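Source file input_9.tsv; content: TSV, C-alpha atoms.
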```
chain	number	residue	atom	x	y	z
A	1	MET	CA	167.44	120.98	221.67
A	2	ALA	CA	169.69	117.96	221.54
A	3	ASP	CA	170.21	116.45	218.11
A	4	ASP	CA	171.74	113.14	219.10
A	5	LEU	CA	172.71	110.31	216.83
A	6	VAL	CA	171.00	107.22	218.24
A	7	ILE	CA	172.36	103.80	217.34
A	8	GLY	CA	170.62	101.01	219.22
A	9	THR	CA	170.92	101.89	222.89
A	10	LYS	CA	173.78	104.35	222.35
A	11	ARG	CA	173.62	108.12	221.91
A	12	PHE	CA	176.24	110.33	220.31
A	13	THR	CA	176.55	114.03	219.57
A	14	SER	CA	179.13	113.63	216.80
A	15	ARG	CA	178.00	112.35	213.41
A	16	PHE	CA	181.47	111.70	212.10
A	17	ILE	CA	182.62	108.07	212.37
A	18	LEU	CA	186.29	107.72	211.62
A	19	GLY	CA	188.16	104.62	210.55
A	20	SER	CA	191.54	104.14	212.19
A	21	GLY	CA	193.32	102.46	209.27
A	22	LYS	CA	196.29	103.83	207.35
A	23	PHE	CA	197.30	106.35	210.05
A	24	SER	CA	200.59	106.28	211.88
A	25	LEU	CA	199.84	105.52	215.52
A	26	ASP	CA	201.18	108.83	216.77
A	27	MET	CA	198.68	110.63	214.52
A	28	ILE	CA	195.54	108.86	215.78
A	29	ASP	CA	194.87	110.96	218.87
A	30	LEU	CA	195.05	114.29	217.06
A	31	VAL	CA	192.97	113.10	214.12
A	32	MET	CA	190.19	111.82	216.37
A	33	LYS	CA	190.20	115.02	218.41
A	34	ASN	CA	190.27	117.33	215.39
A	35	GLY	CA	187.38	115.41	213.88
A	36	GLY	CA	185.34	115.65	217.09
A	37	VAL	CA	184.98	111.90	216.67
A	38	GLU	CA	183.07	109.77	219.19
A	39	ILE	CA	183.11	106.46	217.27
A	40	ALA	CA	186.26	104.94	215.79
A	41	THR	CA	186.39	101.68	213.86
A	42	LEU	CA	189.08	99.08	214.40
A	43	ALA	CA	189.88	95.76	212.74
A	44	VAL	CA	190.72	92.42	214.39
A	45	ARG	CA	193.85	90.59	213.30
A	46	ARG	CA	196.30	88.01	214.59
A	47	ALA	CA	198.42	89.53	217.34
A	48	ASN	CA	202.09	89.56	216.47
A	49	ALA	CA	204.45	87.98	218.94
A	50	GLY	CA	206.81	90.55	220.36
A	51	GLY	CA	203.89	92.90	220.97
A	52	GLU	CA	204.30	95.94	218.80
A	53	GLU	CA	202.54	99.05	220.07
A	54	ASN	CA	198.82	98.61	220.53
A	55	ILE	CA	196.43	100.98	218.79
A	56	LEU	CA	194.14	101.05	221.84
A	57	ASP	CA	196.84	102.98	223.67
A	58	HIS	CA	196.59	105.72	221.04
A	59	ILE	CA	192.84	106.17	220.80
A	60	PRO	CA	191.56	108.98	223.04
A	61	LYS	CA	189.85	107.80	226.22
A	62	GLY	CA	186.08	107.84	226.11
A	63	LEU	CA	185.76	107.03	222.41
A	64	THR	CA	183.39	104.24	221.44
A	65	ILE	CA	185.16	101.44	219.64
A	66	LEU	CA	183.35	99.99	216.65
A	67	PRO	CA	185.10	96.76	215.60
A	68	ASN	CA	184.62	95.75	211.98
A	69	THR	CA	184.56	92.23	210.59
A	70	SER	CA	186.93	93.00	207.73
A	71	GLY	CA	188.54	89.88	206.36
A	72	ALA	CA	185.26	87.95	206.58
A	73	ARG	CA	184.18	86.28	203.34
A	74	ASN	CA	180.91	84.86	204.62
A	75	ALA	CA	178.47	85.19	207.51
A	76	ASP	CA	180.15	82.55	209.67
A	77	GLU	CA	183.51	84.28	209.47
A	78	ALA	CA	181.90	87.62	210.29
A	79	VAL	CA	180.25	86.09	213.34
A	80	ARG	CA	183.54	84.56	214.47
A	81	ILE	CA	185.38	87.88	214.15
A	82	ALA	CA	182.58	89.74	215.96
A	83	MET	CA	182.69	87.26	218.85
A	84	LEU	CA	186.47	87.68	219.16
A	85	ALA	CA	186.08	91.45	218.98
A	86	ARG	CA	183.58	91.45	221.83
A	87	GLU	CA	185.99	89.30	223.84
A	88	LEU	CA	188.58	92.06	223.44
A	89	GLY	CA	186.41	93.99	225.86
A	90	CYS	CA	185.43	97.19	224.09
A	91	GLY	CA	181.66	96.80	224.08
A	92	ASP	CA	179.09	95.13	221.93
A	93	MET	CA	178.92	97.26	218.80
A	94	VAL	CA	180.03	95.73	215.52
A	95	LYS	CA	180.22	96.84	211.92
A	96	ILE	CA	179.51	93.81	209.77
A	97	GLU	CA	181.60	93.77	206.65
A	98	VAL	CA	181.46	90.67	204.43
A	99	ILE	CA	183.47	90.91	201.24
A	100	ARG	CA	184.15	88.28	198.62
A	101	ASP	CA	185.11	90.53	195.74
A	102	SER	CA	188.80	91.31	196.02
A	103	ARG	CA	189.06	93.96	193.32
A	104	TYR	CA	186.25	96.38	194.11
A	105	LEU	CA	185.78	95.17	197.70
A	106	LEU	CA	182.01	95.23	197.31
A	107	PRO	CA	179.99	93.80	200.20
A	108	ASP	CA	177.88	90.64	199.98
A	109	ASN	CA	174.39	91.69	201.09
A	110	CYS	CA	173.03	88.13	201.44
A	111	GLU	CA	175.77	87.02	203.83
A	112	THR	CA	175.50	90.34	205.66
A	113	ILE	CA	171.79	89.75	206.31
A	114	LYS	CA	172.61	86.30	207.75
A	115	ALA	CA	175.36	87.65	209.98
A	116	THR	CA	173.13	90.53	211.11
A	117	LYS	CA	170.46	88.11	212.31
A	118	ILE	CA	172.91	85.94	214.24
A	119	LEU	CA	174.76	88.83	215.87
A	120	ALA	CA	171.68	90.90	216.70
A	121	ASP	CA	170.21	87.80	218.38
A	122	GLU	CA	173.49	87.48	220.33
A	123	GLY	CA	172.96	90.98	221.69
A	124	PHE	CA	175.29	92.95	219.45
A	125	ILE	CA	174.47	96.45	218.26
A	126	VAL	CA	174.86	95.71	214.57
A	127	MET	CA	175.80	98.24	211.94
A	128	ALA	CA	175.59	96.66	208.51
A	129	TYR	CA	177.95	97.76	205.75
A	130	MET	CA	176.14	97.08	202.49
A	131	MET	CA	175.57	97.66	198.80
A	132	PRO	CA	172.79	100.28	198.64
A	133	ASP	CA	169.74	98.16	197.97
A	134	LEU	CA	166.45	98.97	199.68
A	135	SER	CA	165.18	95.40	199.89
A	136	ALA	CA	168.42	94.14	201.41
A	137	ALA	CA	168.45	97.06	203.84
A	138	ARG	CA	164.89	96.24	204.92
A	139	SER	CA	165.95	92.64	205.53
A	140	MET	CA	168.91	93.81	207.61
A	141	ALA	CA	166.69	96.13	209.65
A	142	ALA	CA	164.19	93.29	210.15
A	143	ALA	CA	167.06	91.05	211.23
A	144	GLY	CA	167.91	93.54	213.94
A	145	ALA	CA	170.44	95.96	212.44
A	146	ALA	CA	170.67	99.18	214.47
A	147	ALA	CA	172.06	101.12	211.51
A	148	ILE	CA	172.47	100.56	207.79
A	149	MET	CA	175.75	101.59	206.18
A	150	PRO	CA	175.48	101.81	202.40
A	151	LEU	CA	178.62	102.54	200.42
A	152	GLY	CA	179.07	105.74	198.46
A	153	ALA	CA	181.76	104.20	196.26
A	154	PRO	CA	184.28	101.35	196.58
A	155	ILE	CA	186.27	101.30	199.84
A	156	GLY	CA	189.31	103.52	199.77
A	157	SER	CA	188.49	104.97	196.34
A	158	ASN	CA	187.73	108.57	197.38
A	159	LYS	CA	185.30	108.68	194.44
A	160	GLY	CA	182.46	110.19	196.41
A	161	LEU	CA	178.73	109.75	196.62
A	162	LEU	CA	178.23	107.73	193.44
A	163	THR	CA	175.19	105.97	194.89
A	164	LYS	CA	173.48	109.20	195.94
A	165	ASP	CA	170.02	108.52	194.50
A	166	PHE	CA	169.79	105.08	196.09
A	167	ILE	CA	171.00	106.34	199.44
A	168	LYS	CA	168.34	109.05	199.33
A	169	ILE	CA	165.68	106.37	198.75
A	170	MET	CA	166.97	104.45	201.76
A	171	VAL	CA	166.95	107.58	203.92
A	172	ASP	CA	163.33	108.21	202.92
A	173	GLU	CA	162.12	104.63	203.38
A	174	LEU	CA	163.99	103.21	206.38
A	175	ASP	CA	163.34	103.84	210.05
A	176	VAL	CA	166.90	102.99	211.16
A	177	PRO	CA	169.77	105.45	210.76
A	178	VAL	CA	171.42	105.40	207.33
A	179	ILE	CA	175.15	106.09	207.54
A	180	VAL	CA	177.23	106.44	204.40
A	181	ASP	CA	180.34	104.32	204.69
A	182	ALA	CA	183.10	103.99	202.12
A	183	GLY	CA	184.08	106.01	199.11
A	184	ILE	CA	183.59	109.49	200.55
A	185	GLY	CA	186.66	111.41	199.44
A	186	ARG	CA	185.93	115.09	200.10
A	187	PRO	CA	184.23	117.11	202.83
A	188	SER	CA	181.78	118.43	200.22
A	189	GLN	CA	180.61	114.85	199.58
A	190	ALA	CA	180.21	114.21	203.30
A	191	CYS	CA	178.21	117.41	203.54
A	192	GLU	CA	175.99	116.34	200.65
A	193	ALA	CA	175.29	112.98	202.30
A	194	MET	CA	174.23	114.80	205.47
A	195	GLU	CA	172.04	117.22	203.48
A	196	LEU	CA	170.26	114.19	202.03
A	197	GLY	CA	169.35	113.15	205.56
A	198	CYS	CA	171.98	110.56	206.34
A	199	ALA	CA	172.40	110.14	210.09
A	200	ALA	CA	176.19	110.14	209.95
A	201	VAL	CA	179.17	109.72	207.66
A	202	MET	CA	182.00	107.28	208.04
A	203	ALA	CA	185.35	107.99	206.40
A	204	ASN	CA	188.95	106.89	206.68
A	205	THR	CA	191.01	106.98	203.50
A	206	ALA	CA	189.90	110.50	202.61
A	207	ILE	CA	191.56	111.78	205.76
A	208	ALA	CA	194.46	109.32	205.88
A	209	THR	CA	195.59	110.19	202.34
A	210	ALA	CA	195.28	113.97	202.69
A	211	ARG	CA	198.48	116.01	202.71
A	212	ASP	CA	197.57	117.69	206.01
A	213	ILE	CA	195.78	114.90	207.88
A	214	PRO	CA	194.70	116.75	211.08
A	215	LEU	CA	193.39	119.66	209.02
A	216	MET	CA	191.36	117.34	206.80
A	217	ALA	CA	189.84	115.73	209.90
A	218	LYS	CA	188.71	119.18	210.97
A	219	ALA	CA	187.35	119.92	207.49
A	220	PHE	CA	185.24	116.74	207.59
A	221	LYS	CA	183.91	117.64	211.02
A	222	MET	CA	182.78	121.06	209.82
A	223	ALA	CA	181.30	119.68	206.59
A	224	ILE	CA	179.29	117.03	208.42
A	225	GLU	CA	177.99	119.60	210.91
A	226	ALA	CA	177.09	121.98	208.08
A	227	GLY	CA	175.29	119.25	206.18
A	228	ARG	CA	173.34	118.21	209.26
A	229	ALA	CA	172.31	121.81	209.95
A	230	ALA	CA	171.25	122.22	206.33
A	231	PHE	CA	169.14	119.06	206.49
A	232	LEU	CA	167.47	120.18	209.71
A	233	SER	CA	166.83	123.66	208.35
A	234	GLY	CA	165.04	122.37	205.26
A	235	PRO	CA	166.77	123.53	202.07
A	236	GLY	CA	164.95	126.12	199.96
A	237	ARG	CA	163.15	125.27	196.74
A	238	ILE	CA	164.67	125.18	193.26
A	239	LEU	CA	163.30	127.19	190.32
A	240	HIS	CA	164.00	125.32	187.11
A	241	ASP	CA	162.78	127.70	184.44
A	242	ARG	CA	163.22	131.24	185.71
A	243	GLY	CA	164.96	133.47	188.22
A	244	GLU	CA	163.47	135.35	191.11
A	245	ALA	CA	164.87	138.63	192.37
A	246	SER	CA	166.15	138.68	195.90
A	247	SER	CA	166.15	142.49	195.97
A	248	PRO	CA	162.99	144.63	195.83
A	249	LEU	CA	161.63	144.81	192.28
A	250	THR	CA	161.35	148.63	192.30
A	251	GLY	CA	163.96	150.12	189.97
A	252	PHE	CA	166.96	151.95	191.40
A	253	LEU	CA	166.64	155.78	191.06
A	254	GLU	CA	163.77	155.28	188.61
A	255	ASN	CA	161.59	158.36	188.00
A	256	GLY	CA	158.46	157.94	190.06
A	257	GLU	CA	154.89	158.85	189.00
B	1	MET	CA	201.00	73.15	218.98
B	2	LYS	CA	199.91	75.67	216.37
B	3	VAL	CA	199.86	79.37	217.25
B	4	ASN	CA	198.33	81.79	214.74
B	5	GLY	CA	198.76	79.22	211.99
B	6	ILE	CA	202.43	78.51	212.70
B	7	ASP	CA	203.51	75.09	213.91
B	8	GLU	CA	205.49	75.66	217.10
B	9	GLY	CA	206.22	72.02	217.96
B	10	PRO	CA	205.36	70.62	221.40
B	11	ALA	CA	203.55	73.08	223.68
B	12	ALA	CA	206.19	75.11	225.49
B	13	ALA	CA	203.64	77.13	227.42
B	14	LYS	CA	201.62	75.36	230.09
B	15	THR	CA	198.57	77.63	230.02
B	16	VAL	CA	197.07	80.32	227.80
B	17	SER	CA	198.41	82.89	230.28
B	18	ASP	CA	201.94	81.53	229.84
B	19	LEU	CA	201.63	81.58	226.08
B	20	ILE	CA	200.47	85.21	226.03
B	21	ARG	CA	203.29	86.25	228.35
B	22	ASN	CA	205.92	84.28	226.41
B	23	SER	CA	204.73	85.98	223.22
B	24	GLY	CA	205.32	89.40	224.75
B	25	LEU	CA	201.60	90.23	224.63
B	26	ARG	CA	199.21	91.63	227.25
B	27	GLU	CA	196.19	89.66	228.42
B	28	ASP	CA	193.97	92.75	228.36
B	29	ARG	CA	194.81	93.44	224.71
B	30	VAL	CA	194.12	90.05	223.16
B	31	ALA	CA	191.32	87.56	222.58
B	32	VAL	CA	192.10	83.85	222.33
B	33	GLU	CA	190.58	80.85	220.61
B	34	VAL	CA	191.74	77.31	221.35
B	35	ASN	CA	190.62	74.81	218.71
B	36	GLY	CA	188.03	77.28	217.48
B	37	ASN	CA	186.50	77.98	220.89
B	38	ILE	CA	186.87	81.36	222.57
B	39	VAL	CA	188.62	81.22	225.94
B	40	PRO	CA	187.25	83.90	228.31
B	41	ARG	CA	189.97	86.13	229.74
B	42	SER	CA	189.16	84.93	233.25
B	43	ASP	CA	190.09	81.38	232.20
B	44	TYR	CA	193.51	82.11	230.67
B	45	SER	CA	195.46	80.98	233.71
B	46	ILE	CA	193.50	77.74	234.14
B	47	THR	CA	193.31	76.74	230.46
B	48	VAL	CA	196.00	74.11	229.96
B	49	LEU	CA	197.51	73.77	226.47
B	50	LYS	CA	198.21	70.44	224.77
B	51	ASP	CA	200.62	69.56	221.97
B	52	ASP	CA	197.85	69.12	219.41
B	53	ASP	CA	196.03	72.38	220.22
B	54	SER	CA	195.54	75.08	217.63
B	55	VAL	CA	195.57	78.55	219.20
B	56	GLU	CA	194.59	81.88	217.69
B	57	ILE	CA	195.60	85.07	219.48
B	58	VAL	CA	194.06	88.23	218.03
B	59	GLY	CA	194.00	91.91	218.86
B	60	PHE	CA	192.82	95.23	217.50
B	61	VAL	CA	194.64	96.98	214.66
B	62	GLY	CA	193.78	100.10	212.68
B	63	GLY	CA	190.99	99.58	210.17
B	64	GLY	CA	188.08	101.33	208.52
```
Can you dump the structure from the file as structure tokens?
Amino acid sequence: MADDLVIGTKRFTSRFILGSGKFSLDMIDLVMKNGGVEIATLAVRRANAGGEENILDHIPKGLTILPNTSGARNADEAVRIAMLARELGCGDMVKIEVIRDSRYLLPDNCETIKATKILADEGFIVMAYMMPDLSAARSMAAAGAAAIMPLGAPIGSNKGLLTKDFIKIMVDELDVPVIVDAGIGRPSQACEAMELGCAAVMANTAIATARDIPLMAKAFKMAIEAGRAAFLSGPGRILHDRGEASSPLTGFLENGE
Amino acid sequence: MKVNGIDEGPAAAKTVSDLIRNSGLREDRVAVEVNGNIVPRSDYSITVLKDDDSVEIVGFVGGG
């Protein structure tokens, strides 16, 4: 049976969303392919005169482009960036990212809720990057977000799933897909997020800063698939105060009768 | 005319299309705002630039 990731009106088979930052352009194609990636994020910036190589020429055909609103410090700026991104002609998905804190790069949930409302009303498929907070996530979902993207740790930190307990609460309580974005540094952490019931994992720096980048992309793919399978299979129970033999309890070569 | 925040003096390009071409960029790889308003790609060749216009030309770059 198909186990698709559904975001708004879109369906995907891969649950690994990969950021395209920090890679050399000639690496992008291989990384996306090794990761089995179907959604890649991009940023919008001023185009440099002279036209250096364009990243769109390096992203495998058929991938869904997910523009982010990085650089936005409030809802209005996020909306402006999203509108420009849509004009670039790669669809109507957007990852809202509103950041005012320049040291830890933590998102501003209030401004993100505002931007979500405006952009969802404009017909965008909104994915909201956010500080894991259930109330804020509910407001984003009510405002029309198609997916909620809580951070695991600060962007680019590779510190892992520091917000695990709060992400688990969001997975349990929300009806929209919860996708961990930011901070995931190891495949084991991506796997854990999927075991918790996250719909997908987004990463970038973890792969871009690995020694063998294509191999790490593959490792993340396998970890995310393993975590998803574990979630679907329903992990076994934990015994806190005793053990339980897995082998028959009859003694080996014990004298009978 | 201002292009991406830089004062370029009197408008050398007649239309948005001219400006994109003169900048060595491709129309299908950029989005353009003139004075804060998005110009649809289909209007690039008919959007005439004036000396006091402020133009933003953006495109995709790598990002997470």
Practice item. For chain A, report every residue with an atom at most 9 Å from chain B (counting only C-alpha atoms), formatted as a PyMOL selection string. Key: chain A and resi 18-23+25+40-52+54-56+67-68+70+83-89+155+182+202-205
Mind giving me the straight-line distance from CA of Ala153 (chain A) to CA of Tyr129 (chain A) in Å, one decimal?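 Value for the CA of Ala153 (chain A)-CA of Tyr129 (chain A) distance: 12.1 Å.
Interatomic distance, CA of Ala208 (chain A) to CA of Met149 (chain A): 20.2 Å.
Note that CA of Leu215 (chain A) and CA of Ile179 (chain A) are 22.8 Å apart.
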**OP:** Please provide as a VMD selection string all residues within 12 Å of Lys117 (chain A), with the sequence filter that same-chain residues fewer than 4 positions apart are discarded (counting all atoms listed in the file).
**Re:** chain A and resid 75 to 76 78 to 79 96 110 to 113 121 to 128 139 to 146
Serialized selection, C-alpha atoms, as a compact mmCIF listing (two decimals), in the frame of the given file:
```txt
# COMPACT_ATOMS: atom_id res chain seq x y z
CA ALA A 75 178.47 85.19 207.51
CA ASP A 76 180.15 82.55 209.67
CA ALA A 78 181.90 87.62 210.29
CA VAL A 79 180.25 86.09 213.34
CA ILE A 96 179.51 93.81 209.77
CA CYS A 110 173.03 88.13 201.44
CA GLU A 111 175.77 87.02 203.83
CA THR A 112 175.50 90.34 205.66
CA ILE A 113 171.79 89.75 206.31
CA ASP A 121 170.21 87.80 218.38
CA GLU A 122 173.49 87.48 220.33
CA GLY A 123 172.96 90.98 221.69
CA PHE A 124 175.29 92.95 219.45
CA ILE A 125 174.47 96.45 218.26
CA VAL A 126 174.86 95.71 214.57
CA MET A 127 175.80 98.24 211.94
CA ALA A 128 175.59 96.66 208.51
CA SER A 139 165.95 92.64 205.53
CA MET A 140 168.91 93.81 207.61
CA ALA A 141 166.69 96.13 209.65
CA ALA A 142 164.19 93.29 210.15
CA ALA A 143 167.06 91.05 211.23
CA GLY A 144 167.91 93.54 213.94
CA ALA A 145 170.44 95.96 212.44
CA ALA A 146 170.67 99.18 214.47
```
Using only C-alpha atoms, the residue out of A:Arg138, A:Met131, A:Lys218, A:Ala147 with shortest distance to Val94 (chain A) is A:Ala147
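Shortest atom-to-atom contact with Ala11 (chain B) among B:Ser42, B:Asp52, B:Thr47, B:Asn35: B:Asp52, counting all atoms listed in the file.
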Write out as a CSV table (one decimal) with C-alpha atoms, in the coordinates of the input which residues come within 7 Å of Val31 (chain A) when counting all atoms listed in the file, dropping same-chain ones fewer than 4 positions away.
```csv
chain,number,residue,atom,x,y,z
A,27,MET,CA,198.7,110.6,214.5
A,35,GLY,CA,187.4,115.4,213.9
A,214,PRO,CA,194.7,116.8,211.1
A,217,ALA,CA,189.8,115.7,209.9
```
Exercise for the section: Pick out the closest residue to Ser157 (chain A) from this set: A:Ile169, A:Met194, A:Ala136, A:Ala206. Count all atoms listed in the file. Expected result: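 Once distances to Ser157 (chain A) are computed over all atoms listed in the file, the minimum belongs to A:Ala206.
Proximity of A:Met216, A:Ala82, A:Val180, A:Ile7 to Thr116 (chain A), computed with all atoms listed in the file, is greatest for A:Ala82.
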Using all atoms listed in the file, the residue out of A:Lys221, A:Pro154, A:Glu195, A:Met130 with shortest distance to Ser233 (chain A) is A:Glu195
* To do: Quick one: everything within 7 Å of Ser45 (chain B), counting all atoms listed in the file, minus sequence neighbours fewer than 4 positions away in the same chain. Send it as number ranges by chain.
  => B: 15-17
What would the file look like if the residues just selected were written as a CSV table (one decimal), in the frame of the given file with C-alpha atoms?
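Okay, out-v1.csv is ready:
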```csv
chain,number,residue,atom,x,y,z
B,15,THR,CA,198.6,77.6,230.0
B,16,VAL,CA,197.1,80.3,227.8
B,17,SER,CA,198.4,82.9,230.3
```
Output as a PDB file, in the coordinates of the input: region 3-19 of chain A, completed with N, CA, C and O atoms.
```
ATOM      1  N   ASP A   3     170.368 117.140 219.396  1.00  0.00           N
ATOM      2  CA  ASP A   3     170.210 116.450 218.110  1.00  0.00           C
ATOM      3  C   ASP A   3     171.165 115.267 218.111  1.00  0.00           C
ATOM      4  O   ASP A   3     172.178 115.265 217.437  1.00  0.00           O
ATOM      5  N   ASP A   4     170.823 114.273 218.938  1.00  0.00           N
ATOM      6  CA  ASP A   4     171.740 113.140 219.100  1.00  0.00           C
ATOM      7  C   ASP A   4     171.605 112.128 217.975  1.00  0.00           C
ATOM      8  O   ASP A   4     170.528 111.944 217.408  1.00  0.00           O
ATOM      9  N   LEU A   5     172.713 111.481 217.705  1.00  0.00           N
ATOM     10  CA  LEU A   5     172.710 110.310 216.830  1.00  0.00           C
ATOM     11  C   LEU A   5     172.426 109.107 217.718  1.00  0.00           C
ATOM     12  O   LEU A   5     173.160 108.863 218.678  1.00  0.00           O
ATOM     13  N   VAL A   6     171.368 108.375 217.423  1.00  0.00           N
ATOM     14  CA  VAL A   6     171.000 107.220 218.240  1.00  0.00           C
ATOM     15  C   VAL A   6     171.226 105.948 217.445  1.00  0.00           C
ATOM     16  O   VAL A   6     170.656 105.767 216.370  1.00  0.00           O
ATOM     17  N   ILE A   7     172.095 105.095 217.977  1.00  0.00           N
ATOM     18  CA  ILE A   7     172.360 103.800 217.340  1.00  0.00           C
ATOM     19  C   ILE A   7     172.105 102.721 218.386  1.00  0.00           C
ATOM     20  O   ILE A   7     172.861 102.588 219.349  1.00  0.00           O
ATOM     21  N   GLY A   8     171.010 101.997 218.207  1.00  0.00           N
ATOM     22  CA  GLY A   8     170.620 101.010 219.220  1.00  0.00           C
ATOM     23  C   GLY A   8     170.377 101.713 220.536  1.00  0.00           C
ATOM     24  O   GLY A   8     169.584 102.653 220.612  1.00  0.00           O
ATOM     25  N   THR A   9     171.092 101.293 221.568  1.00  0.00           N
ATOM     26  CA  THR A   9     170.920 101.890 222.890  1.00  0.00           C
ATOM     27  C   THR A   9     171.902 103.027 223.151  1.00  0.00           C
ATOM     28  O   THR A   9     171.910 103.599 224.230  1.00  0.00           O
ATOM     29  N   LYS A  10     172.725 103.354 222.148  1.00  0.00           N
ATOM     30  CA  LYS A  10     173.780 104.350 222.350  1.00  0.00           C
ATOM     31  C   LYS A  10     173.383 105.705 221.745  1.00  0.00           C
ATOM     32  O   LYS A  10     172.709 105.771 220.723  1.00  0.00           O
ATOM     33  N   ARG A  11     173.857 106.758 222.397  1.00  0.00           N
ATOM     34  CA  ARG A  11     173.620 108.120 221.910  1.00  0.00           C
ATOM     35  C   ARG A  11     174.950 108.827 221.700  1.00  0.00           C
ATOM     36  O   ARG A  11     175.868 108.694 222.511  1.00  0.00           O
ATOM     37  N   PHE A  12     175.021 109.592 220.624  1.00  0.00           N
ATOM     38  CA  PHE A  12     176.240 110.330 220.310  1.00  0.00           C
ATOM     39  C   PHE A  12     175.872 111.742 219.864  1.00  0.00           C
ATOM     40  O   PHE A  12     174.794 111.959 219.319  1.00  0.00           O
ATOM     41  N   THR A  13     176.786 112.672 220.086  1.00  0.00           N
ATOM     42  CA  THR A  13     176.550 114.030 219.570  1.00  0.00           C
ATOM     43  C   THR A  13     177.274 114.224 218.244  1.00  0.00           C
ATOM     44  O   THR A  13     176.817 114.978 217.396  1.00  0.00           O
ATOM     45  N   SER A  14     178.402 113.527 218.058  1.00  0.00           N
ATOM     46  CA  SER A  14     179.130 113.630 216.800  1.00  0.00           C
ATOM     47  C   SER A  14     178.525 112.698 215.751  1.00  0.00           C
ATOM     48  O   SER A  14     178.086 111.594 216.063  1.00  0.00           O
ATOM     49  N   ARG A  15     178.517 113.164 214.518  1.00  0.00           N
ATOM     50  CA  ARG A  15     178.000 112.350 213.410  1.00  0.00           C
ATOM     51  C   ARG A  15     179.103 111.980 212.423  1.00  0.00           C
ATOM     52  O   ARG A  15     178.854 111.684 211.272  1.00  0.00           O
ATOM     53  N   PHE A  16     180.299 112.030 212.917  1.00  0.00           N
ATOM     54  CA  PHE A  16     181.470 111.700 212.100  1.00  0.00           C
ATOM     55  C   PHE A  16     182.106 110.432 212.685  1.00  0.00           C
ATOM     56  O   PHE A  16     182.664 110.456 213.786  1.00  0.00           O
ATOM     57  N   ILE A  17     181.994 109.327 211.953  1.00  0.00           N
ATOM     58  CA  ILE A  17     182.620 108.070 212.370  1.00  0.00           C
ATOM     59  C   ILE A  17     183.910 107.933 211.584  1.00  0.00           C
ATOM     60  O   ILE A  17     183.907 108.048 210.351  1.00  0.00           O
ATOM     61  N   LEU A  18     184.995 107.732 212.302  1.00  0.00           N
ATOM     62  CA  LEU A  18     186.290 107.720 211.620  1.00  0.00           C
ATOM     63  C   LEU A  18     186.970 106.354 211.719  1.00  0.00           C
ATOM     64  O   LEU A  18     187.089 105.788 212.808  1.00  0.00           O
ATOM     65  N   GLY A  19     187.382 105.853 210.576  1.00  0.00           N
ATOM     66  CA  GLY A  19     188.160 104.620 210.550  1.00  0.00           C
ATOM     67  C   GLY A  19     189.583 104.914 211.005  1.00  0.00           C
ATOM     68  O   GLY A  19     190.097 106.008 210.800  1.00  0.00           O
TER      69      GLY A  19
END
```
